[in-house]
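Have a look at structure.txt below; it lists compact mmCIF, C-alpha atoms.
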```txt
# COMPACT_ATOMS: atom_id res chain seq x y z
CA MET A 217 122.88 16.43 180.34
CA GLU A 218 120.78 13.55 181.53
CA GLU A 219 121.63 9.97 180.64
CA SER A 220 119.48 8.50 177.90
CA GLU A 221 119.57 6.69 174.61
CA GLY A 222 122.84 7.58 172.92
CA ILE A 223 124.67 8.35 176.19
CA ARG A 224 126.34 5.22 177.50
CA PRO A 225 127.86 5.77 180.98
CA GLY A 226 131.41 4.57 181.25
CA GLN A 227 131.85 4.35 177.49
CA ASP A 228 130.80 7.48 175.66
CA SER A 229 130.56 10.36 178.12
CA VAL A 230 129.69 13.93 177.25
CA SER A 231 133.25 14.97 178.12
CA ASP A 232 134.49 12.50 175.49
CA LEU A 233 132.29 14.22 172.94
CA GLU A 234 133.58 17.64 173.96
CA ILE A 235 137.12 16.37 173.40
CA SER A 236 136.08 15.19 169.95
CA LEU A 237 134.47 18.56 169.22
CA GLY A 238 137.46 20.47 170.61
CA TYR A 239 135.09 22.67 172.58
CA HIS A 240 133.98 22.66 176.24
CA PHE A 241 130.44 23.91 176.86
CA VAL A 242 129.80 26.48 179.57
CA ARG A 243 126.12 25.59 179.26
CA PRO A 244 126.08 21.81 178.70
CA GLU A 245 122.30 21.85 178.35
CA LEU A 246 122.81 23.41 174.92
CA LEU A 247 124.82 20.40 173.82
CA GLY A 248 122.09 18.17 175.25
CA GLN A 249 119.48 19.97 173.20
CA ALA A 250 121.63 19.81 170.06
CA LEU A 251 121.70 16.02 170.40
CA THR A 252 117.96 15.64 171.02
CA HIS A 253 116.02 14.49 167.99
CA ARG A 254 112.36 15.40 167.67
CA SER A 255 111.37 11.73 168.05
CA TYR A 256 112.93 11.62 171.52
CA ALA A 257 111.44 14.96 172.55
CA VAL A 258 107.93 13.88 171.54
CA GLU A 259 108.31 10.52 173.26
CA HIS A 260 109.39 12.18 176.52
CA GLY A 261 107.04 15.16 176.43
CA ILE A 262 109.76 17.79 175.96
CA GLY A 263 108.80 18.90 172.46
CA ALA A 264 110.23 22.41 172.80
CA LEU A 265 113.66 21.04 173.67
CA ASP A 266 114.48 19.18 170.46
CA ASN A 267 117.33 20.33 168.23
CA GLU A 268 115.36 21.86 165.36
CA ARG A 269 115.70 25.49 166.42
CA LEU A 270 119.41 25.07 167.10
CA GLU A 271 119.69 23.48 163.68
CA PHE A 272 118.02 26.55 162.14
CA LEU A 273 120.54 28.82 163.85
CA GLY A 274 123.48 26.57 163.09
CA ASP A 275 122.58 26.42 159.41
CA ALA A 276 122.79 30.21 159.18
CA ALA A 277 126.02 30.40 161.19
CA LEU A 278 127.60 27.62 159.15
CA GLU A 279 126.80 29.30 155.85
CA LEU A 280 128.23 32.60 157.08
CA VAL A 281 131.43 31.06 158.43
CA VAL A 282 132.08 28.86 155.41
CA SER A 283 131.38 31.81 153.08
CA HIS A 284 133.88 33.95 154.99
CA LEU A 285 136.57 31.25 155.08
CA LEU A 286 136.22 30.58 151.35
CA PHE A 287 136.24 34.29 150.57
CA VAL A 288 139.48 34.80 152.51
CA ARG A 289 141.16 31.80 150.88
CA HIS A 290 139.84 32.01 147.32
CA GLY A 291 137.96 35.30 146.91
CA ALA A 292 140.81 37.01 145.11
CA ILE A 293 140.75 34.58 142.18
CA CYS A 294 137.19 33.18 142.16
CA ARG A 295 133.96 34.72 141.00
CA GLU A 296 130.72 34.66 142.98
CA GLY A 297 129.35 31.61 141.18
CA GLU A 298 132.50 29.62 141.84
CA LEU A 299 132.49 30.54 145.52
CA THR A 300 128.83 29.53 145.72
CA ARG A 301 129.59 26.13 144.22
CA MET A 302 132.47 25.61 146.64
CA ARG A 303 130.25 26.56 149.57
CA SER A 304 127.60 24.10 148.39
CA PHE A 305 130.17 21.32 148.65
CA PHE A 306 130.74 22.10 152.34
CA VAL A 307 127.18 22.68 153.51
CA ASN A 308 125.34 19.87 151.73
CA GLU A 309 123.79 17.01 153.65
CA SER A 310 126.32 14.35 152.70
CA GLN A 311 129.34 16.45 153.70
CA LEU A 312 127.81 17.51 157.03
CA ALA A 313 126.78 13.92 157.75
CA ALA A 314 130.35 12.80 157.03
CA GLN A 315 131.65 15.35 159.54
CA ALA A 316 129.09 14.23 162.12
CA PHE A 317 130.12 10.61 161.58
CA ARG A 318 133.79 11.49 161.99
CA LEU A 319 133.04 13.26 165.27
CA GLY A 320 130.99 10.28 166.46
CA LEU A 321 127.81 12.30 166.99
CA GLY A 322 125.61 9.31 166.24
CA ARG A 323 126.64 7.57 169.45
CA TYR A 324 125.42 10.49 171.54
CA LEU A 325 122.10 11.26 169.85
CA ARG A 326 118.91 11.06 171.89
CA LEU A 327 116.43 9.31 169.62
CA GLY A 328 112.96 7.93 170.06
CA LYS A 329 112.87 4.15 170.32
CA GLY A 330 111.41 3.67 166.86
CA GLU A 331 113.90 6.01 165.21
CA ASP A 332 116.74 4.30 167.05
CA ARG A 333 115.62 0.84 165.94
CA SER A 334 115.35 1.98 162.33
CA GLY A 335 119.01 3.01 162.23
CA GLY A 336 118.58 6.71 162.97
CA ARG A 337 122.11 7.05 164.30
CA GLU A 338 123.45 6.45 160.80
CA LYS A 339 120.89 8.40 158.76
CA PRO A 340 122.58 11.24 156.85
CA SER A 341 119.63 13.59 157.38
CA ILE A 342 119.67 13.13 161.17
CA LEU A 343 123.47 13.34 161.39
CA SER A 344 123.69 16.48 159.28
CA ASP A 345 120.91 18.12 161.30
CA ALA A 346 122.74 17.26 164.51
CA PHE A 347 125.97 18.75 163.16
CA GLU A 348 124.19 22.02 162.37
CA ALA A 349 122.54 21.99 165.79
CA VAL A 350 125.95 21.59 167.45
CA VAL A 351 127.20 24.59 165.47
CA GLY A 352 124.20 26.58 166.73
CA ALA A 353 124.85 25.43 170.29
CA ILE A 354 128.50 26.49 170.14
CA TYR A 355 127.45 29.88 168.77
CA LEU A 356 124.98 30.46 171.63
CA ASP A 357 127.40 29.15 174.25
CA SER A 358 130.27 31.43 173.25
CA ARG A 359 130.82 33.69 170.25
CA ILE A 360 131.20 33.47 166.49
CA GLU A 361 134.98 33.12 166.78
CA GLU A 362 134.51 29.70 168.40
CA VAL A 363 132.36 28.64 165.46
CA PHE A 364 135.13 29.70 163.10
CA SER A 365 137.61 27.58 165.07
CA PHE A 366 135.27 24.58 165.11
CA ILE A 367 134.58 24.70 161.37
CA GLU A 368 138.26 25.08 160.55
CA ARG A 369 139.05 22.07 162.76
CA CYS A 370 136.36 20.02 161.07
CA PHE A 371 137.13 20.80 157.45
CA GLY A 372 140.86 21.37 157.78
CA ASP A 373 142.75 21.16 154.52
CA LEU A 374 139.52 20.76 152.56
CA LEU A 375 139.04 24.52 152.83
CA ASP A 376 142.37 25.10 151.10
CA GLN A 377 141.58 22.43 148.50
CA ALA A 378 138.07 23.76 147.84
CA LEU A 379 139.10 25.28 144.52
CA GLU A 380 139.94 21.85 143.12
CA ILE A 381 137.29 19.84 145.00
CA GLY A 382 134.28 22.13 145.10
CA LEU A 383 134.39 23.17 141.45
CA ASN A 384 134.42 19.55 140.34
CA GLN A 385 131.13 18.72 142.05
CA ASP A 386 128.75 19.84 139.30
CA TYR A 387 127.36 16.37 138.67
CA LYS A 388 124.42 17.64 136.60
CA SER A 389 126.71 19.15 133.98
CA LYS A 390 128.86 16.03 133.91
CA LEU A 391 125.83 13.80 133.49
CA GLN A 392 124.43 15.94 130.68
CA GLU A 393 127.76 15.90 128.85
CA LEU A 394 127.96 12.13 129.19
CA THR A 395 124.39 11.42 128.03
CA GLN A 396 124.61 13.87 125.13
CA GLY A 397 127.87 12.36 123.96
CA ARG A 398 126.87 8.73 124.41
CA PHE A 399 123.11 8.70 123.80
CA ARG A 400 122.35 12.01 122.04
CA SER A 401 119.77 12.73 124.75
CA VAL A 402 119.59 14.69 128.00
CA PRO A 403 118.14 13.79 131.43
CA VAL A 404 115.01 15.49 132.75
CA TYR A 405 114.67 16.23 136.48
CA GLU A 406 111.30 16.15 138.21
CA ILE A 407 110.33 16.75 141.83
CA GLU A 408 108.77 13.57 143.18
CA LYS A 409 108.11 14.64 146.76
CA VAL A 410 108.62 17.52 149.19
CA SER A 411 108.39 16.76 152.91
CA GLY A 412 109.15 18.34 156.29
CA PRO A 413 108.43 21.75 157.84
CA ASP A 414 109.26 24.96 155.99
CA HIS A 415 112.66 25.39 157.65
CA GLN A 416 113.62 21.74 157.19
CA ARG A 417 112.33 20.72 153.78
CA THR A 418 113.53 17.56 152.08
CA PHE A 419 113.24 17.43 148.30
CA GLU A 420 113.14 14.15 146.42
CA VAL A 421 113.67 14.17 142.68
CA ILE A 422 113.80 11.62 139.89
CA ILE A 423 115.78 11.64 136.68
CA ASN A 424 113.74 10.67 133.67
CA PHE A 425 115.88 9.52 130.78
CA ASN A 426 114.43 8.25 127.53
CA GLY A 427 111.12 7.46 129.21
CA GLN A 428 112.57 5.60 132.20
CA VAL A 429 113.49 6.56 135.75
CA LEU A 430 117.27 6.53 135.73
CA GLN A 431 117.89 7.45 139.38
CA ARG A 432 116.50 9.19 142.46
CA GLY A 433 118.07 11.76 144.76
CA SER A 434 117.28 13.83 147.83
CA GLY A 435 118.48 17.01 149.47
CA ARG A 436 117.54 20.14 151.35
CA SER A 437 116.92 22.06 148.18
CA LYS A 438 115.82 21.16 144.66
CA LYS A 439 119.34 21.83 143.38
CA GLU A 440 120.95 19.64 146.03
CA ALA A 441 118.52 16.80 145.31
CA GLU A 442 119.23 17.06 141.59
CA GLN A 443 122.97 16.96 142.19
CA ASP A 444 122.52 13.91 144.41
CA ALA A 445 120.51 12.11 141.73
CA ALA A 446 123.01 13.06 139.04
CA ARG A 447 125.91 11.80 141.17
CA LYS A 448 124.18 8.44 141.61
CA ALA A 449 123.38 8.24 137.90
CA LEU A 450 127.01 8.93 137.00
CA SER A 451 128.15 6.09 139.24
CA ILE A 452 126.00 3.78 137.09
CA LEU A 453 126.73 5.16 133.63
CA ASP A 454 130.33 6.27 133.97
CA THR A 455 131.83 2.84 134.64
```
Structure re-expressed in structure tokens:
Amino acid sequence: MEESEGIRPGQDSVSDLEISLGYHFVRPELLGQALTHRSYAVEHGIGALDNERLEFLGDAALELVVSHLLFVRHGAICREGELTRMRSFFVNESQLAAQAFRLGLGRYLRLGKGEDRSGGREKPSILSDAFEAVVGAIYLDSRIEEVFSFIERCFGDLLDQALEIGLNQDYKSKLQELTQGRFRSVPVYEIEKVSGPDHQRTFEVIINFNGQVLQRGSGRSKKEAEQDAARKALSILDT
């Protein structure tokens, strides 16, 4: 992979990243593409080589692998809805961004100059997209078993603790219980904005409460954005 923004010779080499990932690429150009943001690709005239298609593939592979791992660990005692809620905890933007941050992906991203200056290496949306793109790259470079190994390395004990953690992440229900009990009123969620291409939509919602905007949230689906807004609202009200 060529040297560029995000690749600092002598400090953060691609081999260092592979050590962090726990996976060595047979086709290192796939890793290069997974780290290439659209802003960089447009700036350098390589639009077809950004990470969006790998992200699309990685998103599907990630959902399959996480579903399988949760089914094996918790399928005997959990119903479909509970498994779905647990999976949502693992594949939402904030969790994937946290994994990307832990792996240090931000240091290796190839970003356009403007995106880099605006703090793109720390943006949850960019980090989570890059994580999914890396999953897609690993899948293409090897086989699904390597994706299983990578996801298990990333999430570790969280997969075993998903029953306790994932089922406690229904922030909307918690917020409604709190507002009903304290104010005798319930929040209303409204979509404020939808942006991005069809395969990479970002939803932004607001919570209206007693005629005022209580909080805003964003996510890759309406439900995820609502949960994000509810989580933020709870941090204000439940103190």
Which stretch 335-400 of chain A residues have any atom within 8 Å of an atom of stretch 426-443 of chain A, and for each, what is the nearest pair of atoms with distance in Å to one decimal, counting only C-alpha atoms, rows sorted by chain and number, as a Markdown table?
```
| residue | atom | partner | partner_atom | distance |
| --- | --- | --- | --- | --- |
| A:Asp386 | CA | A:Gln443 | CA | 7.1 |
| A:Tyr387 | CA | A:Gln443 | CA | 5.7 |
| A:Lys388 | CA | A:Gln443 | CA | 5.8 |
```
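Of note, atom CA of A:Glu331 and atom CA of A:Ser255 are spaced 6.9 Å apart.
Among the candidates A:Ala250, A:Val282, A:Leu273, A:Ile235, the residue lying nearest to A:Leu325 is A:Ala250 (atoms considered: all atoms listed in the file).
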Point-to-point distance in Å for atom CA of A:Ser334 and atom CA of A:Glu234
26.7 Å
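Between atom CA of A:Asn267 and atom CA of A:Glu420 the separation is 23.1 Å.
Near A:Arg269, within 12 Å and counting only C-alpha atoms, sit Leu246, Gln249, Ala250, Leu251, Thr252, His253, Arg254, Gly263, Ala264, Gly274, Asp275, Ala276, Asp345, Ala346, Glu348, Ala349, Val350, Val351, Gly352, Ala353, Leu356, Pro413, His415 and Gln416 of chain A; same-chain residues fewer than 5 positions away were not included.
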Export, as an mmCIF file, in the coordinates of the input, the selected residues with C-alpha atoms.
```
data_model
loop_
_atom_site.group_PDB
_atom_site.id
_atom_site.type_symbol
_atom_site.label_atom_id
_atom_site.label_comp_id
_atom_site.auth_asym_id
_atom_site.auth_seq_id
_atom_site.Cartn_x
_atom_site.Cartn_y
_atom_site.Cartn_z
ATOM 1 C CA LEU A 246 122.810 23.410 174.920
ATOM 2 C CA GLN A 249 119.480 19.970 173.200
ATOM 3 C CA ALA A 250 121.630 19.810 170.060
ATOM 4 C CA LEU A 251 121.700 16.020 170.400
ATOM 5 C CA THR A 252 117.960 15.640 171.020
ATOM 6 C CA HIS A 253 116.020 14.490 167.990
ATOM 7 C CA ARG A 254 112.360 15.400 167.670
ATOM 8 C CA GLY A 263 108.800 18.900 172.460
ATOM 9 C CA ALA A 264 110.230 22.410 172.800
ATOM 10 C CA GLY A 274 123.480 26.570 163.090
ATOM 11 C CA ASP A 275 122.580 26.420 159.410
ATOM 12 C CA ALA A 276 122.790 30.210 159.180
ATOM 13 C CA ASP A 345 120.910 18.120 161.300
ATOM 14 C CA ALA A 346 122.740 17.260 164.510
ATOM 15 C CA GLU A 348 124.190 22.020 162.370
ATOM 16 C CA ALA A 349 122.540 21.990 165.790
ATOM 17 C CA VAL A 350 125.950 21.590 167.450
ATOM 18 C CA VAL A 351 127.200 24.590 165.470
ATOM 19 C CA GLY A 352 124.200 26.580 166.730
ATOM 20 C CA ALA A 353 124.850 25.430 170.290
ATOM 21 C CA LEU A 356 124.980 30.460 171.630
ATOM 22 C CA PRO A 413 108.430 21.750 157.840
ATOM 23 C CA HIS A 415 112.660 25.390 157.650
ATOM 24 C CA GLN A 416 113.620 21.740 157.190
#
```
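Distance annotation: of A:Phe241, A:Leu280, A:Glu271, A:Thr395, the residue with the minimal separation from A:Ile360 is A:Leu280; atom set is all atoms listed in the file.
For the residues A:Phe425, A:Phe272, A:Phe371, A:Tyr239, ranking by smallest atom-to-atom distance to A:Arg400 using only C-alpha atoms places A:Phe425 first.
Shortest separation to A:Val404 among A:Leu321, A:Cys370, A:Ala445, A:Asp376 occurs at residue A:Ala445, atoms counted being all atoms listed in the file.
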Centre, x/y/z edge lengths, axis-aligned box for stretch 277-290 of chain A with 4 Å per side, as lines of an AutoDock Vina configuration file:
```
center_x = 133.6
center_y = 31.2
center_z = 154.3
size_x = 23.1
size_y = 15.2
size_z = 21.9
```
